[in-house]
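This report concerns only the one structure given below.
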Amino acid sequence: MEIKMEIGTVNTLEVTIENHMTAASMKSGNLDVLATPYMIALMEQSSADLAAKFLPEGISTVGISVNITHLAPTPVGGKVKVSSKLVAFDGRKATFEVEAQDDAGLIGKGTHERFTIKVDSFLRKAEERKKAILG
């Protein structure tokens with residue numbers, strides 16, 4: 001099955017930073033500002049949502065790499081806008097340019113890659129690994 005994605009497509013999401021999103025809450029630091037792992041998760045979510053617009057039923061994507069720089073802190077209560085732009089797709093691997101901004105400007109940027117998978121076979125492999133790990 002051939003999958004086509006439109007290069008240049010952009011997806012954006014907006015969130016207000018809450019306590020559970022902070023470095024202190026996520027144990028990635030001890031400050032009450034947006035945690036880097038949470039910012040990355042938002043970038044992945046934006047990219048996954050963008051890819052999903054092009055995928056038939058039974059196909060999804062999984063993240064395979066992130067290369068992100070976190071440039072500035074955003075406090076609890078601040079609004080963050082995360083954008084993903086599809087810049088390459090080879091039939092299986094999608095590459096996104098991602099960035100995050102708050103009301104004061106750019107707070108993070110980088111690239112994220114996702115790979116298309118067949119949901120059924122992926123979950124079957126996960127179940128096999130579960131049996132191997134847990135017995």
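By order of appearance in the structure tokens: chains A, B, ..., then residues from 1 within every chain, and ligands from 1 in the order shown.
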
Can you tell me, as a PyMOL selection string, what residues are no more than 10 Å from Met26 (chain A) when counting only C-alpha atoms, ignoring any on the same chain fewer than 6 positions away?
-> chain A and resi 19-20+32+34-38

Write the residues you've just listed into a file as an mmCIF file, in the first residue's frame, and include all heavy atoms for each of them.
```
data_model
loop_
_atom_site.group_PDB
_atom_site.id
_atom_site.type_symbol
_atom_site.label_atom_id
_atom_site.label_comp_id
_atom_site.auth_asym_id
_atom_site.auth_seq_id
_atom_site.Cartn_x
_atom_site.Cartn_y
_atom_site.Cartn_z
ATOM 1 N N ASN A 19 0.844 22.633 36.177
ATOM 2 C CA ASN A 19 1.840 22.103 37.110
ATOM 3 C C ASN A 19 2.396 20.739 36.714
ATOM 4 O O ASN A 19 3.584 20.478 36.890
ATOM 5 C CB ASN A 19 1.259 22.036 38.528
ATOM 6 C CG ASN A 19 1.125 23.414 39.145
ATOM 7 O OD1 ASN A 19 1.955 24.287 38.928
ATOM 8 N ND2 ASN A 19 0.066 23.610 39.905
ATOM 9 N N HIS A 20 1.552 19.851 36.167
ATOM 10 C CA HIS A 20 2.035 18.514 35.821
ATOM 11 C C HIS A 20 2.992 18.513 34.618
ATOM 12 O O HIS A 20 3.618 17.506 34.335
ATOM 13 C CB HIS A 20 0.864 17.555 35.578
ATOM 14 C CG HIS A 20 0.129 17.806 34.303
ATOM 15 N ND1 HIS A 20 -0.854 18.779 34.197
ATOM 16 C CD2 HIS A 20 0.234 17.243 33.086
ATOM 17 C CE1 HIS A 20 -1.322 18.780 32.963
ATOM 18 N NE2 HIS A 20 -0.684 17.861 32.259
ATOM 19 N N ASP A 32 9.733 25.063 38.399
ATOM 20 C CA ASP A 32 8.345 25.070 37.945
ATOM 21 C C ASP A 32 8.214 25.820 36.624
ATOM 22 O O ASP A 32 7.547 26.863 36.533
ATOM 23 C CB ASP A 32 7.439 25.675 39.022
ATOM 24 C CG ASP A 32 7.266 24.741 40.200
ATOM 25 O OD1 ASP A 32 7.215 23.511 39.973
ATOM 26 O OD2 ASP A 32 7.190 25.236 41.334
ATOM 27 N N LEU A 34 8.104 24.847 32.097
ATOM 28 C CA LEU A 34 7.842 23.770 31.143
ATOM 29 C C LEU A 34 9.036 22.831 31.062
ATOM 30 O O LEU A 34 10.162 23.258 30.791
ATOM 31 C CB LEU A 34 7.534 24.352 29.759
ATOM 32 C CG LEU A 34 7.338 23.332 28.625
ATOM 33 C CD1 LEU A 34 6.136 22.422 28.898
ATOM 34 C CD2 LEU A 34 7.181 24.063 27.298
ATOM 35 N N ALA A 35 8.797 21.555 31.284
ATOM 36 C CA ALA A 35 9.842 20.535 31.211
ATOM 37 C C ALA A 35 10.209 20.256 29.758
ATOM 38 O O ALA A 35 9.334 20.200 28.886
ATOM 39 C CB ALA A 35 9.361 19.243 31.870
ATOM 40 N N THR A 36 11.483 20.057 29.511
ATOM 41 C CA THR A 36 11.931 19.702 28.163
ATOM 42 C C THR A 36 11.229 18.442 27.654
ATOM 43 O O THR A 36 10.753 18.431 26.515
ATOM 44 C CB THR A 36 13.461 19.550 28.124
ATOM 45 O OG1 THR A 36 14.054 20.790 28.527
ATOM 46 C CG2 THR A 36 13.949 19.183 26.735
ATOM 47 N N PRO A 37 11.120 17.370 28.463
ATOM 48 C CA PRO A 37 10.423 16.182 27.954
ATOM 49 C C PRO A 37 8.971 16.457 27.581
ATOM 50 O O PRO A 37 8.451 15.866 26.628
ATOM 51 C CB PRO A 37 10.500 15.173 29.108
ATOM 52 C CG PRO A 37 11.573 15.655 29.999
ATOM 53 C CD PRO A 37 11.690 17.142 29.788
ATOM 54 N N TYR A 38 8.324 17.361 28.304
ATOM 55 C CA TYR A 38 6.933 17.684 27.977
ATOM 56 C C TYR A 38 6.863 18.487 26.681
ATOM 57 O O TYR A 38 5.983 18.267 25.851
ATOM 58 C CB TYR A 38 6.230 18.421 29.117
ATOM 59 C CG TYR A 38 4.743 18.174 29.081
ATOM 60 C CD1 TYR A 38 4.174 17.172 29.860
ATOM 61 C CD2 TYR A 38 3.918 18.902 28.234
ATOM 62 C CE1 TYR A 38 2.813 16.914 29.800
ATOM 63 C CE2 TYR A 38 2.566 18.650 28.167
ATOM 64 C CZ TYR A 38 2.021 17.654 28.947
ATOM 65 O OH TYR A 38 0.659 17.393 28.863
#
```

Mind checking which residues fall within 8 Å of region 55-62 of chain A, counting only C-alpha atoms, ignoring those fewer than 6 positions away in the same chain, and posting them as an MDAnalysis selection string?
-> chainID A and resid 3 48 114:120

Within 6 Å of Thr16 (chain A), counting only C-alpha atoms, which residues qualify if same-chain residues fewer than 6 places away don't, as number ranges by chain?
-> A: 77-79

With N, CA and C atoms retained, could you export that selection as an mmCIF file, in the first residue's frame?
```cif
data_model
loop_
_atom_site.group_PDB
_atom_site.id
_atom_site.type_symbol
_atom_site.label_atom_id
_atom_site.label_comp_id
_atom_site.auth_asym_id
_atom_site.auth_seq_id
_atom_site.Cartn_x
_atom_site.Cartn_y
_atom_site.Cartn_z
ATOM 1 N N GLY A 77 1.096 28.616 33.575
ATOM 2 C CA GLY A 77 0.124 29.631 33.164
ATOM 3 C C GLY A 77 0.420 30.218 31.801
ATOM 4 N N GLY A 78 1.669 30.051 31.322
ATOM 5 C CA GLY A 78 2.015 30.550 29.997
ATOM 6 C C GLY A 78 1.394 29.691 28.905
ATOM 7 N N LYS A 79 1.130 30.315 27.779
ATOM 8 C CA LYS A 79 0.587 29.589 26.629
ATOM 9 C C LYS A 79 1.728 29.246 25.673
#
```

Determine, counting only C-alpha atoms, which protein, DNA and RNA residues have an atom within 9 Å of an atom of Val80 (chain A); residues of the same chain fewer than 2 positions away are not included. Present the result as a ChimeraX atom specification.
-> /A:13-17,74,78,82,100-103,107

Can I get the selection written as a compact mmCIF listing (two decimals), in the first residue's frame, with N, CA and C atoms?
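Listing of selection.txt after writing:
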```txt
# COMPACT_ATOMS: atom_id res chain seq x y z
N LEU A 13 -0.61 23.12 17.51
CA LEU A 13 -1.46 22.96 18.69
C LEU A 13 -1.04 23.97 19.73
N GLU A 14 -1.98 24.31 20.61
CA GLU A 14 -1.73 25.30 21.65
C GLU A 14 -2.12 24.73 22.99
N VAL A 15 -1.29 24.96 24.00
CA VAL A 15 -1.58 24.51 25.36
C VAL A 15 -1.21 25.60 26.36
N THR A 16 -1.86 25.54 27.51
CA THR A 16 -1.49 26.38 28.65
C THR A 16 -0.71 25.50 29.62
N ILE A 17 0.44 25.97 30.04
CA ILE A 17 1.31 25.17 30.90
C ILE A 17 0.69 25.03 32.29
N THR A 74 9.33 28.58 30.07
CA THR A 74 7.95 29.08 30.07
C THR A 74 7.34 28.72 31.42
N GLY A 78 1.67 30.05 31.32
CA GLY A 78 2.01 30.55 30.00
C GLY A 78 1.39 29.69 28.91
N VAL A 82 2.85 24.98 19.54
CA VAL A 82 3.80 24.03 18.95
C VAL A 82 3.39 23.78 17.51
N ALA A 100 8.51 25.44 19.09
CA ALA A 100 7.57 25.84 20.14
C ALA A 100 7.83 27.30 20.47
N GLN A 101 6.74 28.04 20.68
CA GLN A 101 6.83 29.45 21.03
C GLN A 101 5.86 29.75 22.17
N ASP A 102 6.27 30.67 23.03
CA ASP A 102 5.33 31.23 23.99
C ASP A 102 5.11 32.68 23.60
N ASP A 103 4.40 33.43 24.43
CA ASP A 103 4.08 34.82 24.07
C ASP A 103 5.31 35.72 23.99
N ILE A 107 10.87 29.16 22.04
CA ILE A 107 11.38 28.46 23.22
C ILE A 107 12.03 27.13 22.88
```

For Ile7 (chain A): contacts at 12 Å, only C-alpha atoms, fewer than 2 positions along chain excluded, given as number ranges by chain | A: 4-5, 9-11, 50-51, 54, 84-91, 94-97

Selection export as a compact mmCIF listing (two decimals), in the first residue's frame, atoms kept: N, CA and C atoms:
```
# COMPACT_ATOMS: atom_id res chain seq x y z
N LYS A 4 0.86 8.52 0.70
CA LYS A 4 1.35 9.81 0.24
C LYS A 4 1.06 10.86 1.30
N MET A 5 2.08 11.66 1.59
CA MET A 5 1.92 12.79 2.51
C MET A 5 2.37 14.04 1.78
N THR A 9 3.05 20.55 4.61
CA THR A 9 1.87 20.63 5.46
C THR A 9 2.29 20.97 6.90
N VAL A 10 1.52 21.83 7.55
CA VAL A 10 1.82 22.28 8.91
C VAL A 10 0.66 21.93 9.83
N ASN A 11 0.99 21.54 11.04
CA ASN A 11 0.00 21.32 12.10
C ASN A 11 0.44 22.10 13.33
N LEU A 50 -0.40 15.46 12.58
CA LEU A 50 -0.24 15.84 11.18
C LEU A 50 -0.17 14.60 10.30
N ALA A 51 0.67 13.63 10.67
CA ALA A 51 0.81 12.41 9.88
C ALA A 51 -0.51 11.66 9.77
N PHE A 54 -3.04 11.83 6.87
CA PHE A 54 -2.75 11.20 5.59
C PHE A 54 -2.85 9.68 5.62
N SER A 84 4.44 21.76 13.77
CA SER A 84 5.19 20.74 13.05
C SER A 84 4.98 20.96 11.56
N LYS A 85 6.06 20.88 10.81
CA LYS A 85 5.99 21.01 9.36
C LYS A 85 6.63 19.78 8.74
N LEU A 86 5.88 19.09 7.88
CA LEU A 86 6.40 17.91 7.19
C LEU A 86 7.39 18.37 6.12
N VAL A 87 8.65 17.95 6.25
CA VAL A 87 9.67 18.40 5.30
C VAL A 87 10.19 17.27 4.41
N ALA A 88 9.91 16.00 4.77
CA ALA A 88 10.33 14.88 3.93
C ALA A 88 9.49 13.67 4.26
N PHE A 89 9.24 12.84 3.24
CA PHE A 89 8.54 11.56 3.43
C PHE A 89 9.00 10.61 2.34
N ASP A 90 9.53 9.45 2.75
CA ASP A 90 10.07 8.50 1.77
C ASP A 90 9.19 7.27 1.57
N GLY A 91 7.95 7.34 2.02
CA GLY A 91 7.07 6.19 1.91
C GLY A 91 6.88 5.48 3.24
N ALA A 94 8.74 9.79 7.99
CA ALA A 94 8.34 11.19 7.85
C ALA A 94 9.27 12.04 8.73
N THR A 95 9.76 13.14 8.16
CA THR A 95 10.63 14.05 8.89
C THR A 95 9.92 15.39 9.04
N PHE A 96 9.94 15.89 10.27
CA PHE A 96 9.25 17.14 10.61
C PHE A 96 10.23 18.15 11.17
N GLU A 97 10.07 19.41 10.79
CA GLU A 97 10.70 20.52 11.50
C GLU A 97 9.69 20.95 12.54
```

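Interatomic distance, CA of Thr111 (chain A) against CA of Pro73 (chain A): 19.4 Å.
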
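Going from CA of Glu44 (chain A) over to CA of Ile68 (chain A), you cover 11.0 Å.
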
Run DSSP on the backbone and grab whatever in chain A lands in strand (DSSP E or B); send it over as JSON, numbers by chain.
-> {"A": [10, 11, 12, 13, 14, 15, 16, 22, 33, 34, 59, 60, 61, 62, 63, 64, 65, 66, 67, 68, 69, 70, 75, 79, 80, 81, 82, 83, 84, 85, 86, 87, 88, 89, 93, 94, 95, 96, 97, 98, 99, 100, 101, 102, 105, 106, 107, 108, 109, 110, 111, 112, 113, 114, 115, 116, 117, 118]}

Write out as a ChimeraX atom specification all residues of chain A that DSSP puts in helix (DSSP H, G or I) for this structure's backbone.
-> /A:19-21,23-26,36-52,119-134
